[in-house]
file structure26.cif (mmCIF, C-alpha atoms)
data_run
loop_
_atom_site.label_atom_id
_atom_site.label_comp_id
_atom_site.auth_asym_id
_atom_site.auth_seq_id
_atom_site.Cartn_x
_atom_site.Cartn_y
_atom_site.Cartn_z
CA MET A 15 41.05 27.42 -13.71
CA ILE A 16 37.77 29.32 -13.83
CA ALA A 17 36.26 26.29 -15.61
CA LEU A 18 37.16 24.07 -12.63
CA ILE A 19 35.54 26.50 -10.21
CA ILE A 20 32.36 26.67 -12.31
CA LEU A 21 32.35 22.88 -12.56
CA GLY A 22 32.82 22.80 -8.79
CA PHE A 23 29.70 24.94 -8.32
CA ILE A 24 27.70 22.57 -10.53
CA VAL A 25 29.00 19.48 -8.73
CA LEU A 26 28.32 21.11 -5.34
CA ALA A 27 24.72 21.88 -6.37
CA ALA A 28 24.29 18.28 -7.54
CA GLY A 29 25.70 17.13 -4.21
CA ILE A 30 23.17 19.18 -2.23
CA VAL A 31 20.33 17.82 -4.40
CA GLY A 32 21.76 14.34 -3.95
CA CYS A 33 21.23 14.59 -0.21
CA VAL A 34 17.51 14.18 -0.86
CA LEU A 35 17.52 12.07 -4.02
CA PRO A 36 18.90 8.61 -3.28
CA ILE A 37 20.22 7.98 -6.77
CA ILE A 38 22.77 10.82 -6.51
CA PRO A 39 25.59 10.44 -3.95
CA GLY A 40 25.28 13.85 -2.27
CA PRO A 41 28.20 14.17 0.18
CA PRO A 42 30.77 12.55 -2.14
CA LEU A 43 29.77 14.97 -4.91
CA ALA A 44 29.95 17.94 -2.56
CA TYR A 45 33.40 16.76 -1.51
CA ALA A 46 34.42 16.36 -5.16
CA ALA A 47 33.51 20.03 -5.66
CA LEU A 48 35.93 20.95 -2.88
CA ILE A 49 38.63 18.84 -4.53
CA LEU A 50 38.00 20.61 -7.86
CA LEU A 51 38.36 23.96 -6.15
CA SER A 52 41.55 22.80 -4.44
CA ILE A 53 43.01 21.73 -7.78
CA ALA A 54 42.03 25.07 -9.33
CA ARG A 55 43.67 26.94 -6.47
CA LYS A 56 46.84 24.79 -6.42
CA TRP A 57 45.80 23.03 -3.18
CA GLU A 58 45.62 26.29 -1.23
CA ALA A 59 41.81 26.63 -1.03
CA VAL A 60 41.53 24.73 2.27
CA SER A 61 44.03 23.03 4.51
CA PRO A 62 44.94 19.35 4.05
CA THR A 63 43.48 18.64 7.50
CA VAL A 64 40.11 20.08 6.46
CA LEU A 65 40.19 18.02 3.24
CA ILE A 66 40.91 14.82 5.18
CA VAL A 67 38.27 15.46 7.85
CA LEU A 68 35.59 16.42 5.32
CA GLY A 69 36.47 13.47 3.07
CA ALA A 70 36.19 11.05 5.98
CA SER A 71 32.94 12.71 7.06
CA ALA A 72 31.47 12.43 3.55
CA ALA A 73 32.41 8.74 3.40
CA ALA A 74 31.07 8.01 6.89
CA VAL A 75 27.75 9.77 6.37
CA THR A 76 27.29 8.01 3.02
CA VAL A 77 27.69 4.63 4.72
CA MET A 78 25.43 5.71 7.59
CA ASP A 79 22.76 6.78 5.11
CA TYR A 80 22.44 3.17 3.99
CA LEU A 81 22.51 1.81 7.53
CA MET A 82 20.18 4.25 9.33
CA PRO A 83 16.90 2.96 7.84
CA LEU A 84 17.95 -0.62 8.61
CA ILE A 85 18.98 0.21 12.17
CA THR A 86 15.89 2.25 12.99
CA SER A 87 13.49 -0.18 11.33
CA LYS A 88 14.98 -3.09 13.29
CA TRP A 89 14.79 -0.93 16.41
CA LYS A 90 11.09 -0.43 15.74
CA GLY A 91 10.57 -4.15 15.08
CA ALA A 92 10.43 -4.40 11.29
CA SER A 93 10.80 -7.80 9.70
CA LYS A 94 12.64 -8.58 6.47
CA ALA A 95 9.33 -8.13 4.66
CA GLY A 96 9.07 -4.57 5.95
CA ILE A 97 12.65 -3.77 5.01
CA TRP A 98 12.28 -5.18 1.50
CA GLY A 99 8.95 -3.39 1.18
CA SER A 100 10.64 -0.12 2.10
CA VAL A 101 13.28 -0.66 -0.59
CA ALA A 102 10.59 -1.39 -3.19
CA GLY A 103 8.58 1.62 -2.02
CA MET A 104 11.62 3.85 -2.24
CA ILE A 105 12.25 2.80 -5.85
CA VAL A 106 8.60 3.24 -6.86
CA GLY A 107 8.44 6.59 -5.08
CA MET A 108 11.65 7.77 -6.71
CA VAL A 109 10.46 6.84 -10.20
CA PHE A 110 6.86 8.02 -10.03
CA PHE A 111 6.80 10.79 -7.42
CA PRO A 112 10.23 12.44 -7.17
CA PRO A 113 11.65 13.82 -4.93
CA PHE A 114 9.26 13.34 -2.01
CA GLY A 115 8.03 10.00 -3.28
CA VAL A 116 11.27 8.51 -1.99
CA ILE A 117 10.40 9.44 1.57
CA ILE A 118 6.73 8.56 1.35
CA GLY A 119 7.48 5.42 -0.67
CA THR A 120 9.82 4.00 1.96
CA PHE A 121 7.17 4.43 4.64
CA VAL A 122 4.31 3.01 2.55
CA GLY A 123 6.49 0.17 1.26
CA ALA A 124 7.51 -0.85 4.79
CA VAL A 125 3.91 -0.79 5.99
CA LEU A 126 2.67 -2.77 2.98
CA GLY A 127 5.53 -5.26 3.26
CA GLU A 128 4.63 -5.91 6.90
CA LEU A 129 0.90 -6.11 6.18
CA LEU A 130 1.19 -8.43 3.18
CA PHE A 131 4.13 -10.69 3.94
CA SER A 132 4.87 -10.59 7.66
CA ASN A 133 3.58 -12.82 10.42
CA ARG A 134 3.16 -9.69 12.55
CA PRO A 135 0.93 -7.23 10.65
CA ASP A 136 0.09 -5.44 13.93
CA GLY A 137 3.58 -3.86 13.89
CA ALA A 138 3.28 -2.48 10.35
CA LEU A 139 2.97 1.17 11.33
CA LYS A 140 5.84 0.90 13.81
CA ALA A 141 8.01 -0.65 11.09
CA GLY A 142 7.03 2.09 8.64
CA TRP A 143 7.82 4.73 11.23
CA GLY A 144 11.21 3.15 11.86
CA VAL A 145 12.14 3.22 8.19
CA PHE A 146 10.85 6.77 7.85
CA LEU A 147 12.85 7.89 10.88
CA GLY A 148 16.03 6.29 9.55
CA THR A 149 15.53 7.86 6.14
CA MET A 150 15.05 11.30 7.68
CA LEU A 151 18.11 10.89 9.90
CA GLY A 152 20.18 9.84 6.89
CA ILE A 153 19.02 12.86 4.89
CA ALA A 154 19.73 15.19 7.82
CA LEU A 155 23.25 13.80 8.24
CA LYS A 156 23.97 14.12 4.52
CA LEU A 157 22.65 17.69 4.45
CA ALA A 158 24.73 18.63 7.49
CA VAL A 159 28.00 17.32 6.05
CA SER A 160 27.28 18.68 2.57
CA GLY A 161 26.34 22.02 4.09
CA VAL A 162 29.66 22.25 5.94
CA ILE A 163 31.48 21.36 2.72
CA ALA A 164 29.49 24.06 0.89
CA VAL A 165 30.48 26.65 3.50
CA TYR A 166 34.18 25.80 3.06
CA PHE A 167 33.76 25.87 -0.72
CA LEU A 168 32.00 29.25 -0.76
CA ARG A 169 34.42 30.82 1.74
CA ALA A 170 37.39 29.67 -0.35
CA VAL A 171 35.84 31.04 -3.54
CA ALA A 172 35.06 34.37 -1.85
CA ARG A 173 38.64 34.68 -0.61
CA GLY A 174 39.78 34.46 -4.21
#

call {"tool": "encode", "arguments": {"input": "structure26.cif", "output": "structure tokens"}}
result
Amino acid sequence: MIALIILGFIVLAAGIVGCVLPIIPGPPLAYAALILLSIARKWEAVSPTVLIVLGASAAAVTVMDYLMPLITSKWKGASKAGIWGSVAGMIVGMVFFPPFGVIIGTFVGAVLGELLFSNRPDGALKAGWGVFLGTMLGIALKLAVSGVIAVYFLRAVARG
């Protein structure tokens, strides 16, 4: 059972890192660490209610992470060109300038998408700001949920 707890620590660390890196699903991994600990402790590490609430929270925040940049960019007036530019910028940033290239790349991609392909280049900075704001909100939500999961994990491990 020690192996499951050690694996849980590794998966939890990957989950925390995954809150910033978009290629790694942070909250679901953090939740998986809690499941591993629960299995190792014969389902007595945390209550079933806590497992259900944290599982639902991890799922909800993962969905919201994908929606937040779209919602905030639309709110700030981004066109499809800005949104697609932000996606391209995120990929380029992730590949060439990890981990912060993801954040900067989404902003730059949205601005360039609006400038190059939109009929409204005057709103490029607003669109970039909207995507940036949504990305930051998504990261904050993922870190909050993963942090709560980490607290439950660490408290359960400390209790023995």

call {"tool": "closest_residue", "arguments": {"input": "structure26.cif", "among": "A:Ile117, A:Leu129, A:Ile49, A:Ala28", "to": "Ser93 in chain A", "atoms": "only C-alpha atoms"}}
result
A:Leu129

call {"tool": "closest_residue", "arguments": {"input": "structure26.cif", "among": "A:Gly91, A:Gly107, A:Gly40, A:Gly115", "to": "Ala154 in chain A", "atoms": "only C-alpha atoms"}}
result
A:Gly40

call {"tool": "residues_near_point", "arguments": {"input": "structure26.cif", "point": "(29.4, 14.4, -0.4)", "cutoff": "8 Å", "atoms": "all atoms listed in the file", "output": "MDAnalysis selection string"}}
result
chainID A and resid 29 39:46 69 72:73 76 156 159:160 163

call {"tool": "atom_distance", "arguments": {"input": "structure26.cif", "atom1": "CA of Val106 in chain A", "atom2": "CA of Gly119 in chain A"}}
result
6.7 Å

call {"tool": "closest_residue", "arguments": {"input": "structure26.cif", "among": "A:Leu68, A:Phe111, A:Ile38, A:Asp79", "to": "Ala164 in chain A", "atoms": "only C-alpha atoms"}}
result
A:Leu68

call {"tool": "resolve_selection", "arguments": {"input": "structure26.cif", "expression": "the PyMOL selection byres ((chain A and resi 130-136) around 12)", "output": "JSON, numbers by chain"}}
result
{"A": [91, 92, 93, 94, 95, 96, 97, 98, 99, 122, 123, 124, 125, 126, 127, 128, 129, 137, 138, 139, 140, 141, 142]}

call {"tool": "closest_residue", "arguments": {"input": "structure26.cif", "among": "A:Ala47, A:Ala158, A:Val116, A:Leu21", "to": "Ser100 in chain A", "atoms": "all atoms listed in the file"}}
result
A:Val116

call {"tool": "atom_distance", "arguments": {"input": "structure26.cif", "atom1": "CA of Leu168 in chain A", "atom2": "CA of Val31 in chain A"}}
result
16.7 Å

call {"tool": "residues_near_point", "arguments": {"input": "structure26.cif", "point": "(18.5, 3.0, 11.6)", "cutoff": "10 Å", "atoms": "only C-alpha atoms", "output": "list in words"}}
result
Met78, Asp79, Tyr80, Leu81, Met82, Pro83, Leu84, Ile85, Thr86, Ser87, Lys88, Trp89, Lys90, Gly144, Val145, Phe146, Leu147, Gly148, Thr149, Met150, Leu151 and Gly152 of chain A

call {"tool": "build_atoms", "arguments": {"input": "structure26.cif", "residues": "range 52-74 of chain A", "atoms": "N, CA and C atoms", "output": "short mmCIF file (atom, residue, chain, number, x, y, z; two decimals), in the frame of the given file"}}
result
data_model
loop_
_atom_site.label_atom_id
_atom_site.label_comp_id
_atom_site.auth_asym_id
_atom_site.auth_seq_id
_atom_site.Cartn_x
_atom_site.Cartn_y
_atom_site.Cartn_z
N SER A 52 40.16 22.92 -4.93
CA SER A 52 41.55 22.80 -4.44
C SER A 52 42.52 22.65 -5.60
N ILE A 53 42.15 21.88 -6.59
CA ILE A 53 43.01 21.73 -7.78
C ILE A 53 43.14 23.08 -8.49
N ALA A 54 42.01 23.77 -8.65
CA ALA A 54 42.03 25.07 -9.33
C ALA A 54 42.88 26.09 -8.58
N ARG A 55 42.92 25.97 -7.28
CA ARG A 55 43.67 26.94 -6.47
C ARG A 55 45.02 26.38 -6.01
N LYS A 56 45.52 25.39 -6.71
CA LYS A 56 46.84 24.79 -6.42
C LYS A 56 46.94 24.29 -4.97
N TRP A 57 45.88 23.67 -4.50
CA TRP A 57 45.80 23.03 -3.18
C TRP A 57 45.94 24.03 -2.03
N GLU A 58 45.56 25.28 -2.28
CA GLU A 58 45.62 26.29 -1.23
C GLU A 58 44.23 26.79 -0.83
N ALA A 59 43.17 26.18 -1.35
CA ALA A 59 41.81 26.63 -1.03
C ALA A 59 41.45 26.33 0.42
N VAL A 60 41.75 25.14 0.87
CA VAL A 60 41.53 24.73 2.27
C VAL A 60 42.73 23.90 2.71
N SER A 61 42.87 23.76 3.99
CA SER A 61 44.03 23.03 4.51
C SER A 61 43.88 21.52 4.25
N PRO A 62 45.00 20.82 4.21
CA PRO A 62 44.94 19.35 4.05
C PRO A 62 44.14 18.68 5.17
N THR A 63 44.23 19.21 6.37
CA THR A 63 43.48 18.64 7.50
C THR A 63 41.98 18.74 7.25
N VAL A 64 41.54 19.89 6.76
CA VAL A 64 40.11 20.08 6.46
C VAL A 64 39.69 19.11 5.36
N LEU A 65 40.51 18.96 4.33
CA LEU A 65 40.19 18.02 3.24
C LEU A 65 40.05 16.59 3.77
N ILE A 66 40.95 16.18 4.64
CA ILE A 66 40.91 14.82 5.18
C ILE A 66 39.67 14.63 6.06
N VAL A 67 39.42 15.58 6.94
CA VAL A 67 38.27 15.46 7.85
C VAL A 67 36.96 15.46 7.06
N LEU A 68 36.83 16.36 6.10
CA LEU A 68 35.59 16.42 5.32
C LEU A 68 35.43 15.20 4.41
N GLY A 69 36.54 14.69 3.88
CA GLY A 69 36.47 13.47 3.07
C GLY A 69 36.03 12.28 3.90
N ALA A 70 36.59 12.15 5.10
CA ALA A 70 36.19 11.05 5.98
C ALA A 70 34.73 11.21 6.41
N SER A 71 34.33 12.45 6.67
CA SER A 71 32.94 12.71 7.06
C SER A 71 31.97 12.36 5.93
N ALA A 72 32.32 12.74 4.71
CA ALA A 72 31.47 12.43 3.55
C ALA A 72 31.34 10.92 3.37
N ALA A 73 32.45 10.21 3.53
CA ALA A 73 32.41 8.74 3.40
C ALA A 73 31.57 8.12 4.52
N ALA A 74 31.79 8.58 5.75
CA ALA A 74 31.07 8.01 6.89
C ALA A 74 29.57 8.25 6.80
#
